[in-house]
$ cat target22.csv   # CSV, C-alpha atoms
chain,number,residue,atom,x,y,z
K,1364,VAL,CA,107.5,77.2,108.6
K,1365,SER,CA,110.4,76.0,106.6
K,1366,GLY,CA,113.7,77.4,107.9
K,1367,ASN,CA,115.8,76.8,104.8
K,1368,SER,CA,113.6,77.4,101.8
K,1369,PHE,CA,111.1,79.8,100.3
K,1370,ASP,CA,107.7,79.7,102.0
K,1371,PRO,CA,104.5,80.0,99.8
K,1372,GLU,CA,102.9,82.3,102.3
K,1373,CYS,CA,104.8,85.2,100.7
K,1374,LEU,CA,103.2,84.4,97.3
K,1375,LYS,CA,99.7,84.4,98.9
K,1376,TRP,CA,100.3,87.8,100.4
K,1377,LEU,CA,101.7,89.2,97.2
K,1378,VAL,CA,98.8,87.9,95.0
K,1379,ASP,CA,96.3,89.2,97.5
K,1380,CYS,CA,97.9,92.7,97.5
K,1381,LEU,CA,98.2,92.9,93.7
K,1382,GLY,CA,94.6,91.9,93.5
K,1383,GLY,CA,93.5,94.8,95.7
K,1384,HIS,CA,92.9,92.9,98.9
K,1385,PRO,CA,89.4,91.6,98.2
K,1386,SER,CA,89.2,90.2,101.8
K,1387,VAL,CA,90.2,93.5,103.5
K,1388,LEU,CA,87.1,95.6,103.5
K,1389,ASP,CA,85.8,98.3,105.9
K,1390,SER,CA,82.1,99.0,105.6
K,1391,GLY,CA,82.3,98.7,101.8
K,1392,SER,CA,85.5,100.7,101.4
K,1393,ARG,CA,89.1,99.6,101.2
K,1394,LEU,CA,92.5,101.2,101.4
K,1395,LYS,CA,94.2,101.0,98.0
K,1396,CYS,CA,97.7,99.7,97.7
K,1397,ARG,CA,99.7,101.1,94.8
K,1398,CYS,CA,98.2,99.0,92.0
K,1399,GLN,CA,100.6,98.8,89.0
K,1400,THR,CA,98.3,99.3,86.1
K,1401,GLU,CA,101.4,98.7,83.9
K,1402,GLU,CA,104.7,97.1,84.5
K,1403,PRO,CA,107.2,99.6,86.0
K,1404,GLN,CA,110.2,100.9,84.2
K,1405,LEU,CA,113.2,98.9,85.3
K,1406,PRO,CA,116.2,100.6,87.0
K,1407,THR,CA,119.3,101.2,84.9
K,1408,ARG,CA,120.6,97.7,85.9
K,1409,VAL,CA,118.9,94.7,87.4
K,1410,LEU,CA,120.0,91.2,88.2
K,1411,SER,CA,118.2,88.7,86.0
K,1412,VAL,CA,117.7,85.8,88.5
K,1413,GLY,CA,118.0,83.1,85.9
K,1414,SER,CA,116.6,79.6,86.3
K,1415,ASP,CA,117.7,76.1,87.1
K,1416,GLU,CA,119.3,75.9,83.7
K,1417,GLU,CA,120.6,79.5,83.3
K,1418,PRO,CA,122.8,81.4,85.7
K,1419,PRO,CA,121.9,85.0,86.8
K,1420,PHE,CA,123.4,87.9,84.9
K,1421,LEU,CA,123.4,91.7,85.1
K,1422,PHE,CA,120.9,93.1,82.7
K,1423,GLU,CA,121.1,96.7,81.4
K,1424,SER,CA,117.4,97.6,81.0
K,1425,ASN,CA,117.6,100.6,78.6
K,1426,ALA,CA,114.3,101.8,80.2
K,1427,SER,CA,112.4,98.6,79.4
K,1428,ARG,CA,109.5,97.6,81.6
K,1429,ALA,CA,109.0,94.5,83.8
K,1430,ALA,CA,108.1,93.5,87.3
K,1431,TYR,CA,111.1,93.4,89.7
K,1432,THR,CA,111.9,93.1,93.4
K,1433,THR,CA,114.5,94.9,95.5
K,1434,LEU,CA,116.6,93.8,98.5
K,1435,SER,CA,116.8,95.7,101.7
K,1436,TYR,CA,119.7,94.3,103.7
K,1437,CYS,CA,122.9,94.9,105.7
K,1438,TRP,CA,126.2,94.7,104.0
K,1439,GLY,CA,128.1,93.9,107.2
K,1440,THR,CA,131.8,94.4,107.4
K,1441,GLY,CA,132.4,93.4,103.7
K,1442,GLN,CA,130.7,92.5,100.5
K,1443,ALA,CA,132.4,89.6,98.7
K,1444,THR,CA,130.7,90.0,95.3
K,1445,LYS,CA,130.0,93.5,93.9
K,1446,THR,CA,130.0,95.1,90.5
K,1447,MET,CA,133.2,97.0,89.8
K,1448,THR,CA,134.4,98.7,86.6
K,1449,ALA,CA,136.6,95.8,85.9
K,1450,THR,CA,133.9,93.2,86.4
K,1451,LEU,CA,130.9,94.9,84.7
K,1452,GLU,CA,131.3,93.3,81.3
K,1453,GLU,CA,131.8,89.9,82.9
K,1454,PHE,CA,128.7,90.2,85.1
K,1455,LYS,CA,126.6,91.2,82.1
K,1456,HIS,CA,127.2,87.7,80.8
K,1457,CYS,CA,127.1,85.6,84.0
K,1458,ILE,CA,127.2,85.8,87.8
K,1459,PRO,CA,127.1,82.2,89.1
K,1460,LEU,CA,124.5,81.9,91.8
K,1461,LEU,CA,126.9,80.2,94.2
K,1462,SER,CA,129.3,83.2,93.9
K,1463,LEU,CA,126.8,85.5,95.6
K,1464,PRO,CA,126.8,86.1,99.3
K,1465,GLN,CA,124.1,84.0,101.0
K,1466,THR,CA,121.6,86.9,101.6
K,1467,LEU,CA,121.8,87.9,97.9
K,1468,ARG,CA,121.6,84.3,96.8
K,1469,ASP,CA,118.5,83.7,98.9
K,1470,ALA,CA,116.8,86.9,97.6
K,1471,ALA,CA,117.4,85.8,94.0
K,1472,ILE,CA,115.8,82.4,94.9
K,1473,VAL,CA,112.8,84.1,96.5
K,1474,THR,CA,112.4,86.4,93.4
K,1475,ARG,CA,112.5,83.4,91.1
K,1476,SER,CA,110.0,81.5,93.2
K,1477,LEU,CA,107.6,84.4,92.9
K,1478,ASP,CA,107.9,84.1,89.1
K,1479,ILE,CA,109.5,87.5,88.9
K,1480,LYS,CA,112.5,87.8,86.6
K,1481,TYR,CA,114.5,90.6,88.0
K,1482,ILE,CA,115.8,91.9,91.3
K,1483,TRP,CA,117.6,95.2,92.1
K,1484,ILE,CA,120.5,94.9,94.6
K,1485,ASP,CA,122.7,97.9,95.3
K,1486,ALA,CA,126.0,96.0,95.4
K,1487,LEU,CA,125.4,94.5,92.0
K,1488,CYS,CA,123.4,97.2,90.2
K,1489,ILE,CA,125.6,100.2,91.1
K,1490,ILE,CA,129.2,100.2,89.9
K,1491,GLN,CA,130.9,100.4,93.3
K,1492,ASP,CA,134.2,102.0,92.4
K,1493,SER,CA,132.6,104.6,90.1
K,1494,ALA,CA,131.7,108.0,91.8
K,1495,LEU,CA,130.0,109.0,88.5
K,1496,ASP,CA,127.7,106.0,88.5
K,1497,TRP,CA,126.9,106.5,92.2
K,1498,ALA,CA,126.0,110.1,91.6
K,1499,SER,CA,123.7,109.0,88.8
K,1500,GLU,CA,122.0,106.1,90.6
K,1501,ALA,CA,121.6,107.4,94.2
K,1502,PRO,CA,119.0,110.0,93.3
K,1503,LYS,CA,116.9,107.2,91.7
K,1504,MET,CA,116.4,105.4,95.0
K,1505,GLU,CA,112.9,106.9,95.4
K,1506,SER,CA,111.6,105.4,92.1
K,1507,ILE,CA,113.6,102.1,92.5
K,1508,TYR,CA,112.0,101.2,95.8
K,1509,SER,CA,108.5,102.8,95.3
K,1510,ASN,CA,108.1,101.1,91.9
K,1511,ALA,CA,109.3,97.7,92.9
K,1512,THR,CA,106.7,95.0,92.9
K,1513,LEU,CA,108.0,93.8,96.3
K,1514,VAL,CA,110.8,94.7,98.7
K,1515,ILE,CA,112.5,91.8,100.3
K,1516,ALA,CA,113.7,92.8,103.8
K,1517,ALA,CA,116.4,90.8,105.5
K,1518,ARG,CA,115.5,91.9,109.0
K,1519,ASP,CA,117.6,89.6,111.1
K,1520,SER,CA,120.6,89.3,108.8
K,1521,PRO,CA,123.5,91.5,110.1
K,1522,ALA,CA,125.7,90.7,107.1
K,1523,SER,CA,125.3,89.8,103.4
K,1524,ASP,CA,126.6,86.3,104.1
K,1525,THR,CA,123.9,85.5,106.8
K,1526,GLY,CA,121.1,84.6,104.5
K,1527,LEU,CA,117.3,85.0,104.7
K,1528,PHE,CA,116.4,81.5,105.9
K,1529,PHE,CA,116.9,80.4,109.5
K,1530,PRO,CA,116.2,77.2,111.4
K,1531,ARG,CA,112.9,77.9,113.2
K,1532,GLU,CA,111.0,76.3,116.0
K,1533,PRO,CA,107.4,75.5,115.2
K,1534,LEU,CA,105.4,78.6,116.1
K,1535,ARG,CA,102.7,77.8,118.7
K,1536,VAL,CA,99.9,80.3,119.4
K,1537,LEU,CA,97.5,79.5,122.1
K,1538,GLN,CA,94.1,81.1,122.8
K,1539,ILE,CA,93.3,81.7,126.5
K,1540,PRO,CA,89.7,80.7,127.2
K,1541,ASN,CA,87.4,83.4,128.3
K,1542,PRO,CA,86.2,83.3,132.0
K,1543,PRO,CA,83.1,81.1,132.5
K,1544,ASN,CA,80.9,84.1,133.1
K,1545,GLY,CA,81.6,85.2,129.5
K,1546,GLU,CA,82.0,88.9,130.5
K,1547,ALA,CA,85.6,89.3,129.1
K,1548,PRO,CA,85.5,91.1,125.8
K,1549,GLY,CA,87.5,90.0,122.8
K,1550,ARG,CA,90.0,87.2,122.7
K,1551,VAL,CA,93.5,86.7,124.3
K,1552,TYR,CA,96.4,84.9,122.6
K,1553,VAL,CA,99.8,84.0,123.9
K,1554,ARG,CA,103.0,82.9,122.2
K,1555,LYS,CA,106.7,82.8,122.9
K,1556,ALA,CA,108.3,86.3,122.8
K,1557,ARG,CA,110.3,87.1,119.8
K,1558,LEU,CA,113.7,88.8,120.1
K,1559,ARG,CA,112.8,91.3,117.4
K,1560,ASP,CA,109.6,92.7,119.0
K,1561,ILE,CA,109.6,96.4,119.0
K,1562,GLY,CA,108.9,99.2,121.4
K,1563,PHE,CA,108.0,102.9,121.0
K,1564,ASP,CA,109.6,106.0,122.4
K,1565,GLU,CA,107.9,109.2,123.5
K,1566,ARG,CA,107.6,110.4,119.9
K,1567,PHE,CA,105.7,107.3,118.7
K,1568,LEU,CA,108.6,106.4,116.6
K,1569,SER,CA,109.4,102.7,116.3
K,1570,MET,CA,112.6,101.5,117.7
K,1571,TRP,CA,113.8,98.4,115.9
K,1572,LEU,CA,115.6,95.7,117.8
K,1573,ASP,CA,116.8,93.7,114.7
K,1574,ALA,CA,119.8,94.2,112.5
K,1575,LEU,CA,118.2,95.9,109.6
K,1576,GLY,CA,116.3,98.3,111.8
K,1577,ARG,CA,119.5,100.0,112.8
K,1578,ARG,CA,120.5,100.8,109.3
K,1579,GLY,CA,119.9,104.3,108.0
K,1580,TRP,CA,119.4,103.4,104.3
K,1581,ALA,CA,116.9,100.7,105.3
K,1582,TYR,CA,114.7,103.4,106.9
K,1583,GLN,CA,114.2,105.2,103.6
K,1584,GLU,CA,113.8,101.9,101.7
K,1585,GLY,CA,111.0,100.7,104.0
K,1586,ILE,CA,109.1,104.0,103.9
K,1587,LEU,CA,109.3,104.2,100.1
K,1588,ALA,CA,108.2,100.6,99.6
K,1589,SER,CA,104.7,99.8,98.4
K,1590,ARG,CA,104.8,96.3,99.8
K,1591,THR,CA,107.5,94.5,101.9
K,1592,VAL,CA,108.0,90.9,102.9
K,1593,HIS,CA,110.0,90.6,106.2
K,1594,PHE,CA,112.3,87.6,106.7
K,1595,THR,CA,113.0,87.2,110.4
K,1596,ARG,CA,114.4,84.4,112.6
K,1597,SER,CA,111.0,83.6,113.9
K,1598,GLU,CA,108.6,84.0,110.9
K,1599,LEU,CA,107.7,85.8,107.8
K,1600,GLY,CA,105.9,89.1,107.9
K,1601,TRP,CA,104.1,91.4,105.5
K,1602,SER,CA,103.5,95.1,105.3
K,1603,CYS,CA,101.7,97.2,102.7
K,1604,MET,CA,99.2,100.1,102.7
K,1605,SER,CA,96.3,97.8,103.3
K,1606,LEU,CA,97.5,95.0,105.5
K,1607,ASP,CA,100.1,94.0,108.1
K,1608,ALA,CA,100.4,90.3,108.7
K,1609,CYS,CA,102.6,87.6,110.1
K,1610,GLN,CA,102.6,83.9,110.1
K,1611,CYS,CA,101.4,83.6,113.6
K,1612,LYS,CA,97.9,84.2,112.1
K,1613,VAL,CA,96.9,86.4,115.1
K,1614,LYS,CA,98.4,89.6,113.8
K,1615,LYS,CA,96.6,90.2,110.5
K,1616,ASN,CA,95.5,93.8,110.7
K,1617,PRO,CA,93.6,95.5,107.9
K,1618,LEU,CA,94.9,99.1,108.2
K,1619,SER,CA,91.5,100.6,107.4
K,1620,LEU,CA,90.1,101.3,110.9
K,1621,LYS,CA,87.4,104.0,110.8
K,1622,GLY,CA,89.1,107.4,111.3
K,1623,TYR,CA,92.6,106.0,111.0
K,1624,LYS,CA,95.2,105.7,108.2
K,1625,PRO,CA,98.2,103.5,107.7
K,1626,LEU,CA,101.6,105.0,108.6
K,1627,GLY,CA,103.6,105.2,105.4
K,1628,LEU,CA,104.9,107.6,102.7
K,1629,PRO,CA,102.6,106.0,100.1
K,1630,SER,CA,99.7,107.3,102.2
K,1631,LEU,CA,101.4,110.7,102.4
K,1632,LEU,CA,100.4,111.1,106.0
K,1633,ALA,CA,103.2,110.0,108.4
K,1634,GLU,CA,106.2,107.9,109.1
K,1635,ARG,CA,106.0,104.2,108.8
K,1636,PRO,CA,109.0,102.0,109.3
K,1637,PRO,CA,108.7,98.6,107.8
K,1638,GLU,CA,107.3,96.7,110.7
K,1639,LEU,CA,105.4,93.5,111.4
K,1640,ASP,CA,103.4,94.8,114.4
K,1641,SER,CA,102.2,98.1,113.0
K,1642,HIS,CA,100.3,100.6,115.0
K,1643,THR,CA,98.1,103.4,113.5
K,1644,CYS,CA,97.6,107.0,114.5
K,1645,SER,CA,95.0,109.5,113.6
K,1646,ARG,CA,95.6,112.3,111.2
K,1647,SER,CA,95.4,114.8,114.1
K,1648,ILE,CA,98.4,113.2,115.7
K,1649,TYR,CA,100.5,112.7,112.6
K,1650,ASP,CA,99.6,115.8,110.6
K,1651,VAL,CA,101.0,116.0,107.1
K,1652,THR,CA,103.1,119.0,107.9
K,1653,ASP,CA,104.8,117.2,110.7
K,1654,CYS,CA,105.8,114.1,108.8
K,1655,TRP,CA,109.1,115.3,107.4
K,1656,TYR,CA,110.4,116.2,110.9
K,1657,ARG,CA,109.3,112.9,112.3
K,1658,PHE,CA,111.2,111.2,109.4
K,1659,ILE,CA,114.4,113.1,110.2
K,1660,MET,CA,114.2,112.5,114.0
K,1661,ALA,CA,113.9,108.8,113.4
K,1662,PHE,CA,116.4,108.6,110.6
K,1663,THR,CA,119.2,110.5,112.4
K,1664,SER,CA,119.0,107.9,115.3
K,1665,TYR,CA,120.0,105.1,112.9
K,1666,SER,CA,123.5,104.3,111.7
K,1667,LEU,CA,125.3,104.7,108.3
K,1668,THR,CA,128.4,102.9,107.3
K,1669,VAL,CA,129.4,105.9,105.2
K,1670,VAL,CA,128.6,109.0,107.1
K,1671,THR,CA,128.5,111.1,104.0
K,1672,ASP,CA,125.4,109.2,102.9
K,1673,ARG,CA,123.5,111.3,105.5
K,1674,LEU,CA,121.7,113.6,103.0
K,1675,PRO,CA,121.5,111.1,100.1
K,1676,ALA,CA,119.9,108.5,102.3
K,1677,MET,CA,116.9,110.8,102.8
K,1678,ALA,CA,116.8,112.3,99.3
K,1679,GLY,CA,114.4,109.7,98.0
K,1680,ILE,CA,111.8,110.5,100.7
K,1681,ALA,CA,112.2,114.2,100.0
K,1682,SER,CA,111.7,113.7,96.3
K,1683,GLU,CA,108.5,111.7,96.7
K,1684,LEU,CA,107.2,114.1,99.4
K,1685,ALA,CA,107.9,117.1,97.1
K,1686,ALA,CA,106.0,115.5,94.2
K,1687,ALA,CA,103.0,114.4,96.3
K,1688,LYS,CA,102.7,117.8,98.0
K,1689,ARG,CA,103.0,119.7,94.6
K,1690,GLY,CA,105.6,122.1,95.9
K,1691,ILE,CA,103.8,123.4,98.9
K,1692,TYR,CA,107.0,122.9,100.9
K,1693,GLY,CA,109.0,125.0,98.5
K,1694,ALA,CA,112.5,124.1,97.2
K,1695,TYR,CA,114.5,121.4,99.1
K,1696,ILE,CA,118.0,122.5,99.9
K,1697,LEU,CA,120.4,120.4,102.0
K,1698,GLY,CA,117.7,118.9,104.2
K,1699,ILE,CA,115.6,122.1,104.7
K,1700,TRP,CA,112.4,123.1,102.9
K,1701,LEU,CA,112.4,126.7,102.0
K,1702,GLY,CA,108.6,126.9,102.4
K,1703,GLN,CA,109.1,126.0,106.0
K,1704,LEU,CA,112.4,127.7,106.6
K,1705,GLY,CA,111.6,129.0,110.1
K,1706,ARG,CA,110.5,125.7,111.4
K,1707,GLY,CA,113.2,123.8,109.5
K,1708,LEU,CA,115.9,125.7,111.3
K,1709,CYS,CA,114.5,125.0,114.8
K,1710,TRP,CA,116.4,121.8,115.4
K,1711,SER,CA,118.9,120.8,118.1
K,1712,VAL,CA,120.9,117.7,118.9
K,1713,VAL,CA,119.4,115.2,121.3
K,1714,SER,CA,122.6,114.6,123.3
K,1715,PRO,CA,124.7,117.8,123.9
K,1716,LEU,CA,127.6,115.5,124.8
K,1717,ASN,CA,127.7,114.2,121.2
K,1718,ASN,CA,129.0,116.9,118.9
K,1719,GLY,CA,128.2,114.9,115.9
K,1720,ARG,CA,131.5,115.4,114.2
K,1721,GLY,CA,132.9,113.0,111.6
K,1722,LEU,CA,131.6,114.7,108.5
K,1723,PRO,CA,133.8,116.9,106.3
K,1724,MET,CA,133.6,120.5,107.3
K,1725,ASP,CA,132.3,121.4,103.8
K,1726,TYR,CA,129.7,118.6,103.7
K,1727,ALA,CA,126.7,120.8,104.6
K,1728,PRO,CA,126.3,124.3,106.1
K,1729,SER,CA,125.9,124.5,109.9
K,1730,TRP,CA,122.2,125.5,109.7
K,1731,SER,CA,121.4,122.1,108.2
K,1732,TRP,CA,120.7,119.0,110.4
K,1733,GLY,CA,122.8,117.2,107.8
K,1734,SER,CA,126.0,118.9,109.0
K,1735,LEU,CA,126.2,116.8,112.1
K,1736,ASN,CA,126.4,113.0,112.5
K,1737,THR,CA,124.1,112.7,115.5
K,1738,THR,CA,120.4,112.4,116.4
K,1739,VAL,CA,118.4,115.7,116.1
K,1740,ARG,CA,114.9,116.9,117.2
K,1741,TRP,CA,112.6,119.8,116.4
K,1742,HIS,CA,111.1,122.3,118.7
$ encode --input "target22.csv" --output "structure tokens"
Amino acid sequence: VSGNSFDPECLKWLVDCLGGHPSVLDSGSRLKCRCQTEEPQLPTRVLSVGSDEEPPFLFESNASRAAYTTLSYCWGTGQATKTMTATLEEFKHCIPLLSLPQTLRDAAIVTRSLDIKYIWIDALCIIQDSALDWASEAPKMESIYSNATLVIAARDSPASDTGLFFPREPLRVLQIPNPPNGEAPGRVYVRKARLRDIGFDERFLSMWLDALGRRGWAYQEGILASRTVHFTRSELGWSCMSLDACQCKVKKNPLSLKGYKPLGLPSLLAERPPELDSHTCSRSIYDVTDCWYRFIMAFTSYSLTVVTDRLPAMAGIASELAAAKRGIYGAYILGIWLGQLGRGLCWSVVSPLNNGRGLPMDYAPSWSWGSLNTTVRWH
């Protein structure tokens, strides 16, 4: 696996997914990814990734349609290049590729290598010093990430200047021979442990050990995504509704096991963080009516650079869930569904020693989980 350039494995996964995963079958049936029968409507602004001859520039779409990618990443302590009111007109003409932080630059290169013309990156596509533009664009996160042809996840990049590509040791996967008597079922493989391997807590919620997995906005971005390619220090990974795969070749799971469904908002069943080593749970465990509360319990354990993003960072999931469930939850008000008012109010903080302060007193009413900056749970 090349450690400093685009790897064609990503293109193979994408083509297979857009083609309906012809190799992923389960007794004649298959789980359908979100097939784009027509090109999606572009967000308000996207970065045109340019070419070897033409530099990138900020493109105002005027509701035109085209394939595009999005970037899910960590800003870190600062963001060197971002769109401001004073730079908007300049960026609409040219943003030199080398002026972009390394993660953003690499994402543009990956997008270009996939023969996709546009990428949406929050730092460039939202005017960062305009409260009016933020108020206009933030509610569109649901459509931006769910309609994207591909989400590029910078899993092991703690800052925007880290990049997507890392020097990697050759990945060795060994198969352990079965005992001579041949009685051992299945096959056993071994490989060097990865630092980003995940574990699960008592609620079956994934606990990420990488940089992106601790970011609150990334949780929503991963759940809304139809398909994601994960860039890690050890390998590339892939997640979509039909398949989880990684470059070790051992973990390539068609998520269509009999009686099981993939964990993800596109399936409208349950929580699914963007992960390489996905696990599946039956509908009886992850009932549709429980999914919102599992989302919130996981989300509130993650961090936000701006604490007042607490409710906006879940608004996209709420919007898509409301549309999919056709209003059976009732109106959504400050984190609570009126159709499930009794249950929605039965939350408590996980740690009584953490009072969750840090939000303005008038940010949300005290009956909303959004009023406290701490992890919550339901009873």
$ atom_distance --input "target22.csv" --atom1 "atom CA of Ser1427 of chain K" --atom2 "atom CA of Asp1415 of chain K"
24.4 Å
$ residues_around --input "target22.csv" --residues "Leu1575 of chain K" --least-positions-apart "6" --cutoff "9 Å" --atoms "all atoms listed in the file" --output "list in words"
Ser1435, Tyr1436, Cys1437, Ala1516, Ala1517, Arg1518, Asp1519, Ser1520, Pro1521, Ala1581 and Tyr1582 of chain K
$ atom_distance --input "target22.csv" --atom1 "atom CA of Ala1574 of chain K" --atom2 "atom CA of Ile1484 of chain K"
17.9 Å
$ closest_residue --input "target22.csv" --among "K:Arg1596, K:Arg1408, K:His1742, K:Arg1673" --to "Gln1583 of chain K" --atoms "all atoms listed in the file"
K:Arg1673
$ atom_distance --input "target22.csv" --atom1 "atom CA of Tyr1656 of chain K" --atom2 "atom CA of Ile1507 of chain K"
23.4 Å
$ residues_near_point --input "target22.csv" --point "(119.9, 96.5, 80.0)" --cutoff "7 Å" --atoms "only C-alpha atoms" --output "tab-separated table (two decimals) with C-alpha atoms, in the frame of the given file"
chain	number	residue	atom	x	y	z
K	1407	THR	CA	119.30	101.20	84.90
K	1408	ARG	CA	120.60	97.70	85.90
K	1422	PHE	CA	120.90	93.10	82.70
K	1423	GLU	CA	121.10	96.70	81.40
K	1424	SER	CA	117.40	97.60	81.00
K	1425	ASN	CA	117.60	100.60	78.60
$ residues_near_point --input "target22.csv" --point "(129.4, 79.5, 100.7)" --cutoff "12 Å" --atoms "all atoms listed in the file" --output "list in words"
Ala1443, Thr1444, Leu1460, Leu1461, Ser1462, Leu1463, Pro1464, Gln1465, Thr1466, Leu1467, Arg1468, Asp1469, Ser1523, Asp1524, Thr1525 and Gly1526 of chain K
$ closest_residue --input "target22.csv" --among "K:Pro1723, K:Pro1530, K:Pro1459, K:Gly1679" --to "Pro1502 of chain K" --atoms "all atoms listed in the file"
K:Gly1679
$ closest_residue --input "target22.csv" --among "K:Tyr1431, K:Trp1438, K:Tyr1508, K:Tyr1665" --to "Arg1475 of chain K" --atoms "all atoms listed in the file"
K:Tyr1431
